[in-house]
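A.B. asks: Hey, dropping coords-v3.cif in here, mmCIF, C-alpha atoms:
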```cif
data_coords
loop_
_atom_site.label_atom_id
_atom_site.label_comp_id
_atom_site.auth_asym_id
_atom_site.auth_seq_id
_atom_site.Cartn_x
_atom_site.Cartn_y
_atom_site.Cartn_z
CA MET I 1 9.37 7.03 -14.44
CA THR I 2 8.57 3.73 -12.69
CA THR I 3 6.34 1.50 -14.80
CA ASP I 4 6.50 -1.93 -13.14
CA ILE I 5 4.02 -1.99 -10.25
CA ALA I 6 2.53 -5.06 -8.62
CA VAL I 7 0.13 -6.22 -5.96
CA VAL I 8 2.26 -7.93 -3.33
CA GLY I 9 -0.16 -8.31 -0.43
CA PHE I 10 -3.87 -8.63 0.26
CA ALA I 11 -6.01 -9.08 3.36
CA GLN I 12 -9.72 -8.86 3.98
CA ALA I 13 -12.09 -8.98 6.93
CA PRO I 14 -14.86 -11.58 7.19
CA GLN I 15 -17.91 -10.38 5.26
CA VAL I 16 -20.83 -10.33 7.68
CA ARG I 17 -24.21 -8.64 7.98
CA ARG I 18 -23.48 -6.79 11.20
CA THR I 19 -20.23 -6.09 13.05
CA THR I 20 -19.85 -4.59 16.46
CA GLY I 21 -18.12 -1.28 17.01
CA THR I 22 -18.39 2.13 15.42
CA THR I 23 -18.65 3.15 11.78
CA ASN I 24 -15.12 4.55 11.49
CA GLY I 25 -13.66 1.17 10.56
CA VAL I 26 -10.85 1.08 13.11
CA GLU I 27 -11.89 -2.24 14.64
CA MET I 28 -11.91 -3.93 11.23
CA LEU I 29 -8.74 -2.26 9.93
CA VAL I 30 -6.27 -2.83 12.78
CA PRO I 31 -6.03 -6.63 12.31
CA LEU I 32 -5.95 -6.23 8.52
CA PHE I 33 -2.98 -3.87 8.63
CA THR I 34 -1.16 -6.23 10.96
CA GLU I 35 -1.86 -9.21 8.69
CA VAL I 36 -0.87 -7.62 5.39
CA LEU I 37 2.26 -5.94 6.79
CA GLU I 38 3.46 -9.15 8.41
CA ALA I 39 2.85 -11.07 5.19
CA THR I 40 5.00 -8.66 3.18
CA GLY I 41 7.60 -8.05 5.88
CA LEU I 42 6.94 -4.30 5.84
CA SER I 43 6.70 -2.02 8.84
CA ARG I 44 4.46 1.03 8.98
CA ARG I 45 7.56 3.16 8.48
CA ASP I 46 8.31 1.33 5.21
CA VAL I 47 4.96 2.26 3.60
CA GLY I 48 5.48 5.29 1.37
CA PHE I 49 1.83 6.19 0.85
CA TRP I 50 -1.51 5.28 2.44
CA CYS I 51 -4.77 5.74 0.57
CA SER I 52 -8.31 4.81 1.61
CA GLY I 53 -11.78 4.54 0.17
CA SER I 54 -14.96 5.00 2.20
CA SER I 55 -18.02 7.24 2.48
CA ASP I 56 -19.19 9.62 5.15
CA TYR I 57 -22.74 9.14 3.86
CA LEU I 58 -22.52 5.45 4.68
CA ALA I 59 -20.91 6.05 8.05
CA GLY I 60 -23.40 8.77 8.97
CA ARG I 61 -20.65 10.94 10.41
CA ALA I 62 -18.42 13.67 9.07
CA PHE I 63 -14.78 12.86 8.31
CA SER I 64 -15.13 9.20 9.28
CA PHE I 65 -12.07 8.46 7.12
CA VAL I 66 -9.97 10.70 9.38
CA SER I 67 -11.05 8.67 12.39
CA ALA I 68 -10.05 5.51 10.53
CA VAL I 69 -6.47 6.78 10.34
CA ASP I 70 -6.28 5.92 14.05
CA ALA I 71 -5.88 2.32 12.88
CA ILE I 72 -2.54 3.23 11.33
CA GLY I 73 -1.19 4.78 14.52
CA ALA I 74 0.06 8.18 15.62
CA PHE I 75 3.71 7.44 14.78
CA PRO I 76 5.54 7.48 12.47
CA PRO I 77 4.03 10.37 10.45
CA ILE I 78 2.51 9.24 7.16
CA VAL I 79 1.60 10.53 3.71
CA GLU I 80 -2.12 9.83 3.37
CA SER I 81 -5.03 10.44 1.00
CA HIS I 82 -8.67 9.41 0.65
CA VAL I 83 -11.29 8.96 -2.04
CA GLU I 84 -15.04 9.15 -1.42
CA ALA I 85 -15.50 6.00 -3.48
CA ASP I 86 -14.71 2.31 -3.52
CA ALA I 87 -11.11 1.71 -2.53
CA ALA I 88 -10.39 0.38 -6.05
CA TRP I 89 -10.19 4.06 -6.97
CA ALA I 90 -7.87 4.63 -4.02
CA LEU I 91 -5.67 1.92 -5.53
CA TYR I 92 -5.67 3.87 -8.79
CA GLU I 93 -4.47 6.97 -6.94
CA ALA I 94 -1.74 4.97 -5.21
CA TRP I 95 -0.73 3.43 -8.55
CA VAL I 96 -0.33 6.92 -10.03
CA LYS I 97 1.69 7.98 -6.97
CA ILE I 98 4.12 5.13 -7.55
CA ARG I 99 4.25 5.61 -11.32
CA THR I 100 5.33 9.22 -10.86
CA GLY I 101 8.28 8.06 -8.77
CA GLN I 102 7.19 9.71 -5.53
CA VAL I 103 7.10 6.46 -3.55
CA GLU I 104 7.93 2.78 -4.04
CA THR I 105 5.28 1.24 -1.79
CA ALA I 106 1.66 1.98 -0.94
CA LEU I 107 -1.00 0.48 1.29
CA VAL I 108 -4.56 0.88 0.04
CA TYR I 109 -7.58 0.10 2.19
CA GLY I 110 -11.35 0.40 2.09
CA PHE I 111 -14.07 -0.15 4.65
CA GLY I 112 -17.82 0.12 5.07
CA LYS I 113 -20.41 -0.71 7.70
CA SER I 114 -23.53 -0.97 5.56
CA SER I 115 -25.66 -2.42 8.35
CA ALA I 116 -25.57 0.83 10.31
CA GLY I 117 -28.29 2.41 8.16
CA GLN I 118 -30.74 1.73 5.34
CA LEU I 119 -28.34 1.05 2.46
CA ARG I 120 -30.95 1.21 -0.30
CA ARG I 121 -31.93 4.68 0.92
CA VAL I 122 -28.38 5.92 1.51
CA LEU I 123 -27.38 5.06 -2.06
CA ALA I 124 -30.17 7.28 -3.38
CA LEU I 125 -27.98 10.21 -2.31
CA GLN I 126 -25.61 9.52 -5.21
CA LEU I 127 -28.32 10.42 -7.72
CA ASP I 128 -29.04 13.77 -9.38
CA PRO I 129 -29.76 15.98 -6.35
CA TYR I 130 -32.29 18.16 -8.17
CA LEU I 131 -34.56 15.87 -10.18
CA VAL I 132 -33.98 12.27 -9.07
CA ALA I 133 -32.72 12.04 -5.47
CA PRO I 134 -35.77 13.90 -4.06
CA LEU I 135 -37.89 11.01 -5.37
CA TRP I 136 -35.79 8.58 -3.29
CA PRO I 137 -35.56 5.77 -5.87
CA ASP I 138 -33.62 3.06 -4.06
CA SER I 139 -30.62 1.26 -5.52
CA VAL I 140 -32.39 -2.10 -5.90
CA SER I 141 -35.30 -0.56 -7.79
CA ILE I 142 -32.93 1.19 -10.19
CA ALA I 143 -31.11 -2.09 -10.80
CA ALA I 144 -34.49 -3.71 -11.38
CA LEU I 145 -35.21 -1.17 -14.13
CA GLN I 146 -31.91 -2.12 -15.75
CA ALA I 147 -32.65 -5.83 -15.41
CA ARG I 148 -36.12 -5.39 -16.90
CA LEU I 149 -34.74 -3.55 -19.94
CA GLY I 150 -32.33 -6.41 -20.59
CA LEU I 151 -35.08 -8.99 -20.20
CA GLU I 152 -37.40 -7.18 -22.60
CA ALA I 153 -34.55 -6.90 -25.13
CA GLY I 154 -33.85 -10.64 -24.92
CA MET I 155 -30.32 -10.07 -23.59
CA TRP I 156 -30.84 -12.45 -20.66
CA SER I 157 -33.57 -14.40 -18.93
CA GLU I 158 -34.62 -14.82 -15.33
CA LYS I 159 -33.32 -18.39 -15.54
CA GLU I 160 -29.87 -17.12 -16.60
CA MET I 161 -29.94 -14.64 -13.73
CA ALA I 162 -30.74 -17.45 -11.30
CA GLU I 163 -27.91 -19.54 -12.74
CA VAL I 164 -25.48 -16.71 -11.95
CA ALA I 165 -26.75 -16.66 -8.36
CA ALA I 166 -26.50 -20.45 -8.00
CA ARG I 167 -22.94 -20.53 -9.35
CA SER I 168 -21.92 -17.66 -7.07
CA ARG I 169 -23.40 -19.34 -3.98
CA ALA I 170 -21.58 -22.57 -4.81
CA ASP I 171 -18.27 -20.74 -5.15
CA GLY I 172 -18.95 -18.70 -2.02
CA ALA I 173 -19.19 -21.90 0.00
CA ALA I 174 -15.45 -22.42 -0.54
CA ASN I 175 -14.54 -18.85 0.46
CA PRO I 176 -14.03 -18.53 4.23
CA PHE I 177 -14.61 -14.77 4.04
CA ALA I 178 -17.90 -14.91 2.10
CA GLN I 179 -21.14 -13.96 3.78
CA LEU I 180 -23.27 -16.37 1.73
CA GLY I 181 -22.57 -19.74 0.17
CA GLY I 182 -24.04 -23.15 -0.47
CA GLU I 183 -25.30 -25.46 -3.16
CA THR I 184 -28.65 -24.55 -4.68
CA GLU I 185 -30.52 -25.13 -7.93
CA ALA I 186 -31.44 -22.26 -10.24
CA GLY I 187 -34.95 -23.65 -10.61
CA ALA I 188 -35.51 -23.55 -6.87
CA LEU I 189 -34.36 -19.94 -6.74
CA LEU I 190 -36.98 -18.97 -9.30
CA ASP I 191 -39.72 -20.03 -6.87
CA ALA I 192 -38.77 -17.16 -4.52
CA PRO I 193 -40.90 -13.99 -4.48
CA TYR I 194 -39.77 -10.80 -6.17
CA LEU I 195 -37.94 -8.18 -4.16
CA ALA I 196 -38.19 -5.57 -6.94
CA ASP I 197 -39.55 -7.13 -10.13
CA PRO I 198 -37.71 -8.82 -11.87
CA LEU I 199 -35.12 -9.06 -9.08
CA ARG I 200 -35.43 -11.61 -6.30
CA ALA I 201 -33.33 -11.61 -3.13
CA HIS I 202 -30.75 -13.97 -4.68
CA ASP I 203 -30.30 -11.54 -7.58
CA CYS I 204 -29.07 -8.84 -5.19
CA ALA I 205 -25.87 -8.53 -3.20
CA PRO I 206 -26.47 -8.80 0.55
CA VAL I 207 -25.99 -5.91 2.96
CA THR I 208 -22.45 -6.49 4.18
CA ASP I 209 -19.95 -4.99 6.61
CA GLY I 210 -16.29 -5.46 5.77
CA ALA I 211 -12.89 -4.08 4.90
CA ALA I 212 -9.86 -4.92 2.79
CA ALA I 213 -6.24 -3.86 2.33
CA VAL I 214 -3.86 -4.21 -0.62
CA VAL I 215 -0.13 -3.48 -0.77
CA LEU I 216 1.42 -2.16 -3.98
CA ALA I 217 5.13 -2.04 -4.69
CA ALA I 218 7.39 -1.08 -7.59
CA GLY I 219 10.11 -2.94 -9.46
CA SER I 220 12.73 -4.74 -7.43
CA VAL I 221 10.97 -3.82 -4.18
CA ALA I 222 7.96 -5.87 -5.29
CA ARG I 223 10.20 -8.85 -6.02
CA ASP I 224 11.76 -8.57 -2.57
CA LEU I 225 8.38 -8.47 -0.85
CA CYS I 226 6.60 -11.24 -2.76
CA GLU I 227 7.79 -14.46 -4.37
CA ARG I 228 5.36 -14.06 -7.26
CA PRO I 229 3.97 -10.50 -7.54
CA ALA I 230 0.81 -9.80 -9.53
CA TRP I 231 2.12 -7.20 -12.00
CA ILE I 232 -0.40 -4.59 -13.12
CA THR I 233 -0.28 -4.40 -16.91
CA GLY I 234 -3.39 -2.28 -17.37
CA LEU I 235 -5.40 -0.05 -15.04
CA GLU I 236 -8.11 2.22 -16.45
CA HIS I 237 -11.43 3.70 -15.39
CA ARG I 238 -14.17 5.44 -17.32
CA VAL I 239 -17.46 7.15 -16.44
CA ASP I 240 -20.90 7.16 -18.06
CA SER I 241 -23.48 9.88 -17.58
CA PRO I 242 -25.06 10.03 -14.10
CA VAL I 243 -28.36 10.96 -15.81
CA LEU I 244 -30.21 7.66 -16.03
CA GLY I 245 -32.38 8.82 -18.92
CA ALA I 246 -29.37 9.93 -20.94
CA ARG I 247 -27.86 6.47 -21.41
CA ASP I 248 -28.93 3.04 -22.53
CA LEU I 249 -29.03 1.03 -19.32
CA ARG I 250 -28.70 -2.17 -21.32
CA ARG I 251 -25.13 -1.16 -22.09
CA SER I 252 -22.06 -0.12 -20.11
CA PRO I 253 -19.87 1.83 -22.55
CA SER I 254 -17.50 2.90 -19.79
CA THR I 255 -16.70 -0.74 -19.02
CA GLY I 256 -15.93 -1.49 -22.65
CA ALA I 257 -13.78 1.62 -23.00
CA ALA I 258 -11.81 0.89 -19.83
CA ALA I 259 -11.27 -2.72 -20.92
CA ALA I 260 -10.07 -1.66 -24.37
CA ALA I 261 -7.59 0.75 -22.80
CA ALA I 262 -6.37 -1.77 -20.22
CA GLY I 263 -6.00 -4.68 -22.66
CA ILE I 264 -7.84 -7.75 -21.38
CA ASP I 265 -6.90 -10.36 -23.98
CA GLY I 266 -5.92 -13.73 -22.60
CA VAL I 267 -7.30 -13.39 -19.08
CA GLN I 268 -8.06 -16.68 -17.35
CA VAL I 269 -9.90 -15.37 -14.28
CA ALA I 270 -12.24 -12.38 -13.98
CA GLU I 271 -13.46 -10.98 -10.67
CA LEU I 272 -16.44 -8.77 -11.57
CA HIS I 273 -17.94 -6.27 -9.15
CA ALA I 274 -21.55 -6.96 -10.14
CA PRO I 275 -23.93 -6.44 -7.18
CA PHE I 276 -26.84 -7.83 -9.23
CA THR I 277 -27.05 -10.98 -11.36
CA SER I 278 -28.23 -9.04 -14.40
CA GLN I 279 -25.22 -6.75 -14.10
CA GLU I 280 -22.83 -9.70 -14.23
CA LEU I 281 -24.48 -10.83 -17.46
CA LEU I 282 -24.24 -7.29 -18.85
CA LEU I 283 -20.55 -6.99 -17.90
CA ARG I 284 -19.71 -10.33 -19.50
CA ARG I 285 -21.21 -9.09 -22.77
CA GLU I 286 -19.39 -5.74 -22.62
CA LEU I 287 -16.05 -7.40 -21.85
CA GLY I 288 -16.50 -10.13 -24.44
CA LEU I 289 -15.18 -12.76 -22.04
CA ALA I 290 -14.62 -16.22 -23.47
CA ASP I 291 -16.63 -19.13 -22.10
CA ASP I 292 -13.56 -20.65 -20.47
CA VAL I 293 -12.81 -17.57 -18.34
CA ARG I 294 -13.42 -18.34 -14.65
CA ILE I 295 -15.81 -15.68 -13.34
CA ASN I 296 -15.97 -14.70 -9.66
CA PRO I 297 -14.42 -17.86 -8.20
CA SER I 298 -14.57 -16.12 -4.80
CA GLY I 299 -18.35 -16.01 -5.02
CA GLY I 300 -18.21 -12.32 -5.90
CA PRO I 301 -20.38 -9.51 -4.54
CA LEU I 302 -23.48 -11.72 -4.57
CA CYS I 303 -21.92 -13.60 -1.65
CA GLY I 304 -20.67 -10.51 0.19
CA ASN I 305 -20.62 -6.87 -0.83
CA PRO I 306 -18.95 -4.59 1.74
CA MET I 307 -19.53 -1.11 0.40
CA PHE I 308 -16.35 0.79 -0.54
CA ALA I 309 -14.24 -2.35 -0.16
CA ALA I 310 -15.89 -4.81 -2.57
CA GLY I 311 -14.14 -3.39 -5.65
CA LEU I 312 -10.76 -3.53 -3.94
CA ILE I 313 -11.54 -7.10 -2.89
CA ARG I 314 -12.05 -7.99 -6.54
CA ILE I 315 -8.51 -6.77 -7.25
CA GLY I 316 -7.09 -8.62 -4.26
CA GLU I 317 -8.94 -11.86 -5.08
CA ALA I 318 -7.81 -11.76 -8.71
CA ALA I 319 -4.24 -10.95 -7.71
CA GLY I 320 -4.26 -13.93 -5.38
CA TRP I 321 -4.60 -16.29 -8.35
CA VAL I 322 -1.39 -14.89 -9.81
CA MET I 323 0.50 -14.79 -6.52
CA ARG I 324 -0.41 -18.45 -5.83
CA GLY I 325 0.72 -19.43 -9.32
CA ALA I 326 -2.80 -20.64 -10.22
CA ALA I 327 -3.22 -18.24 -13.17
CA GLU I 328 -0.96 -16.25 -15.46
CA ARG I 329 -3.26 -13.37 -16.40
CA VAL I 330 -6.34 -12.09 -14.56
CA LEU I 331 -8.87 -9.28 -14.66
CA ALA I 332 -10.53 -7.36 -11.84
CA HIS I 333 -13.45 -4.98 -12.23
CA ALA I 334 -14.89 -2.40 -9.83
CA THR I 335 -17.99 -0.26 -10.16
CA SER I 336 -19.54 2.74 -8.47
CA GLY I 337 -22.69 4.76 -8.98
CA PRO I 338 -26.15 3.67 -10.11
CA ALA I 339 -26.58 1.01 -12.79
CA LEU I 340 -22.85 0.54 -13.50
CA GLN I 341 -22.19 4.24 -14.01
CA GLN I 342 -18.46 4.23 -13.19
CA ASN I 343 -16.20 1.30 -14.00
CA LEU I 344 -12.56 0.40 -13.38
CA ILE I 345 -10.58 -2.42 -14.99
CA CYS I 346 -7.32 -3.81 -13.57
CA VAL I 347 -5.36 -6.45 -15.46
CA MET I 348 -2.55 -8.35 -13.71
CA GLU I 349 -0.14 -11.06 -14.73
CA GLY I 350 2.67 -13.21 -13.39
CA ARG I 351 6.22 -13.15 -14.69
CA SER I 352 9.00 -15.68 -14.48
#
```
Give the structure from this file in structure tokens form.
C.D. replies:
Amino acid sequence: MTTDIAVVGFAQAPQVRRTTGTTNGVEMLVPLFTEVLEATGLSRRDVGFWCSGSSDYLAGRAFSFVSAVDAIGAFPPIVESHVEADAAWALYEAWVKIRTGQVETALVYGFGKSSAGQLRRVLALQLDPYLVAPLWPDSVSIAALQARLGLEAGMWSEKEMAEVAARSRADGAANPFAQLGGETEAGALLDAPYLADPLRAHDCAPVTDGAAAVVLAAGSVARDLCERPAWITGLEHRVDSPVLGARDLRRSPSTGAAAAAAGIDGVQVAELHAPFTSQELLLRRELGLADDVRINPSGGPLCGNPMFAAGLIRIGEAAGWVMRGAAERVLAHATSGPALQQNLICVMEGRS
């Protein structure tokens, strides 16, 4: 069984509020595939497995992921799969495919055009279809409930939330792909009106269109494709109850369990998929990250949150630190579902 698997390539589309074209992702994906294949020296024929993450609910059309396969091309024939989730979970499927020895390379991609509909309303469809979804509680309001519980428990303050937003915006200014970025003071952010008390606009990830692609490879193939591969040493995901009243929203047990299984000791950089400032603070507590760990140096989801690609982007951004030789051990986190219901942890490291 193959055990050594690494990220050897990563590409992402600019994160913007509205792109032209249809919701099937082809226009965003074609240049990404070209970029990441050229960077690794692979051809489409060399890719052993293709796996994507997207959502027909977001696209507003049935089998939108099948239409996206047009970006790969009609020839040569491919082995392909899809998850109705963030593409970080597609990466997990591809990782399993390689670990079982079926293939040596995989290309994982995710895409989402959030601006095509009302995202806050669309995400209500992931809730309990019998008792909760018919009430149409939107995603921001649910996150506000979680943020309020943490505030009342003294776990964080609105000032700390604003400081997360200010740091993210400052880091986003240096990221050419980020949707938002710029220097701002936390105090000035607190003067803004509430969007959903206690959340203000800066506490929430912006509506974003975007896509990303990651190439995985095994063993000696990875070393041939990349000078310094980001070797995956731990990859785990766990799930909490989808019933909001059945769990303590001030906690994220699934994050802690996934981190314990993946082994996160010694990480220097952490890319956290936290679409709300309060959720970043919650994740930092669950992960027990040291003060010197660099968090979301890309600006994170608060500076651009393309649905069904943002989690994969966290993996690609973290891997980039290893591949550039800027860090030895990094962590990437992805989430899905309301109030951090599902969580994935990926730990990567460089080797001499």
A.B. asks: Just say which residues the PyMOL selection byres ((chain I and resi 39) around 9) picks in this file, as a PDB file with C-alpha atoms, in the frame of the given file.
C.D. replies:
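Output below, filename out-v2.pdb:
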```pdb
ATOM      1  CA  GLY I   9      -0.160  -8.310  -0.430  1.00  0.00           C
ATOM      2  CA  PHE I  10      -3.870  -8.630   0.260  1.00  0.00           C
ATOM      3  CA  THR I  34      -1.160  -6.230  10.960  1.00  0.00           C
ATOM      4  CA  GLU I  35      -1.860  -9.210   8.690  1.00  0.00           C
ATOM      5  CA  VAL I  36      -0.870  -7.620   5.390  1.00  0.00           C
ATOM      6  CA  LEU I  37       2.260  -5.940   6.790  1.00  0.00           C
ATOM      7  CA  GLU I  38       3.460  -9.150   8.410  1.00  0.00           C
ATOM      8  CA  THR I  40       5.000  -8.660   3.180  1.00  0.00           C
ATOM      9  CA  GLY I  41       7.600  -8.050   5.880  1.00  0.00           C
ATOM     10  CA  LEU I  42       6.940  -4.300   5.840  1.00  0.00           C
ATOM     11  CA  LEU I 225       8.380  -8.470  -0.850  1.00  0.00           C
ATOM     12  CA  CYS I 226       6.600 -11.240  -2.760  1.00  0.00           C
TER      13      CYS I 226
END
```
A.B. asks: Run through the PyMOL selection byres ((chain I and resi 286) around 10) on the given coordinates and return the selected residues as a ChimeraX atom specification.
C.D. replies: /I:251-257,259,280-285,287-289
A.B. asks: Would you mind exporting the chosen residues as a compact mmCIF listing (two decimals), in the coordinates of the input, restricted to C-alpha atoms?
C.D. replies:
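Generated output (result-v3.txt):
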```
# COMPACT_ATOMS: atom_id res chain seq x y z
CA ARG I 251 -25.13 -1.16 -22.09
CA SER I 252 -22.06 -0.12 -20.11
CA PRO I 253 -19.87 1.83 -22.55
CA SER I 254 -17.50 2.90 -19.79
CA THR I 255 -16.70 -0.74 -19.02
CA GLY I 256 -15.93 -1.49 -22.65
CA ALA I 257 -13.78 1.62 -23.00
CA ALA I 259 -11.27 -2.72 -20.92
CA GLU I 280 -22.83 -9.70 -14.23
CA LEU I 281 -24.48 -10.83 -17.46
CA LEU I 282 -24.24 -7.29 -18.85
CA LEU I 283 -20.55 -6.99 -17.90
CA ARG I 284 -19.71 -10.33 -19.50
CA ARG I 285 -21.21 -9.09 -22.77
CA LEU I 287 -16.05 -7.40 -21.85
CA GLY I 288 -16.50 -10.13 -24.44
CA LEU I 289 -15.18 -12.76 -22.04
```
A.B. asks: At a cut-off of 12 Å, can you tabulate as CSV every residue of region 135-209 of chain I near region 292-308 of chain I together with its closest atom pair and the distance in Å to one decimal, using all atoms listed in the file and ordering rows by chain then number?
C.D. replies:
```
residue,atom,partner,partner_atom,distance
I:Met161,CA,I:Leu302,CA,11.6
I:Ala162,CA,I:Leu302,CA,11.4
I:Val164,CA,I:Leu302,CA,9.1
I:Ala165,CA,I:Leu302,CA,7.0
I:Ala166,CA,I:Gly299,CA,9.7
I:Arg167,CA,I:Gly299,CA,7.8
I:Ser168,CA,I:Gly299,CA,4.4
I:Arg169,CA,I:Gly299,CA,6.1
I:Ala170,CA,I:Gly299,CA,7.3
I:Asp171,CA,I:Gly299,CA,4.7
I:Gly172,CA,I:Gly299,CA,4.1
I:Ala173,CA,I:Gly299,CA,7.8
I:Ala174,CA,I:Ser298,CA,7.7
I:Asn175,CA,I:Ser298,CA,5.9
I:Pro176,CA,I:Ser298,CA,9.4
I:Phe177,CA,I:Gly304,CA,8.3
I:Ala178,CA,I:Gly304,CA,5.5
I:Gln179,CA,I:Gly304,CA,5.0
I:Leu180,CA,I:Cys303,CA,4.6
I:Gly181,CA,I:Cys303,CA,6.4
I:Gly182,CA,I:Cys303,CA,9.9
I:Glu183,CA,I:Gly299,CA,11.9
I:Ala201,CA,I:Leu302,CA,10.0
I:His202,CA,I:Leu302,CA,7.6
I:Asp203,CA,I:Leu302,CA,7.5
I:Cys204,CA,I:Leu302,CA,6.3
I:Ala205,CA,I:Leu302,CA,4.2
I:Pro206,CA,I:Gly304,CA,6.1
I:Val207,CA,I:Asn305,CA,6.6
I:Thr208,CA,I:Pro306,CA,4.7
I:Asp209,CA,I:Pro306,CA,5.0
```
A.B. asks: Which residue, I:Leu249, I:Ala261, I:Ala309, I:Val215, has the smallest gap to Ser55 (chain I) when you use all atoms listed in the file?
C.D. replies: I:Ala309
A.B. asks: In Å, with one decimal, what is the gap from CA of Trp95 (chain I) to CA of Ser64 (chain I)?
C.D. replies: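 CA of Ser64 (chain I) lies at a distance of 23.6 Å from CA of Trp95 (chain I).
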A.B. asks: So what does the PyMOL selection byres ((chain I and resi 14) around 7) actually pick up in this one, as a tab-separated table (two decimals) with C-alpha atoms, in the frame of the given file?
C.D. replies:
```tsv
chain	number	residue	atom	x	y	z
I	12	GLN	CA	-9.72	-8.86	3.98
I	13	ALA	CA	-12.09	-8.98	6.93
I	15	GLN	CA	-17.91	-10.38	5.26
I	16	VAL	CA	-20.83	-10.33	7.68
I	177	PHE	CA	-14.61	-14.77	4.04
I	178	ALA	CA	-17.90	-14.91	2.10
I	210	GLY	CA	-16.29	-5.46	5.77
```
A.B. asks: Show me, as a PyMOL selection string, the residues that have an atom within 7 Å of region 331-339 of chain I when counting all atoms listed in the file, minus same-chain residues fewer than 5 positions from it.
C.D. replies: chain I and resi 86+88+126+139+142-143+146+249+264+267+269-273+311+314-315+318+344-348
A.B. asks: With only C-alpha atoms as the basis for distance, which of I:Val122, I:Leu58, I:Ala230, I:Leu244 is at the shortest distance from Leu340 (chain I)?
C.D. replies: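 Between I:Val122, I:Leu58, I:Ala230, I:Leu244, the residue approaching Leu340 (chain I) most closely is I:Leu244.
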A.B. asks: Which is closer to Ala260 (chain I) than all the others in I:Asp70, I:Asp248, I:Glu236, I:Gln279, using only C-alpha atoms?
C.D. replies: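 Of I:Asp70, I:Asp248, I:Glu236, I:Gln279, the one nearest Ala260 (chain I), counting only C-alpha atoms, is I:Glu236.
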A.B. asks: Can you list, as a PyMOL selection string, every protein, DNA or RNA residue that comes within 10 Å of Val322 (chain I) when you count only C-alpha atoms, leaving out same-chain residues fewer than 5 positions away?
C.D. replies: chain I and resi 7+228-231+269+317+327-330+348-351
A.B. asks: I need the residue nearest Gln102 (chain I) from this list: I:Gly48, I:Pro129, I:Gly154, I:Gly60. Use only C-alpha atoms for the distance.
C.D. replies: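 Selected residue with least distance to Gln102 (chain I): I:Gly48.
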A.B. asks: Could you tell me how far CA of Ala217 (chain I) lies from CA of Ser54 (chain I), in Å and to one decimal?
C.D. replies: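 Those two atoms sit 22.4 Å apart.
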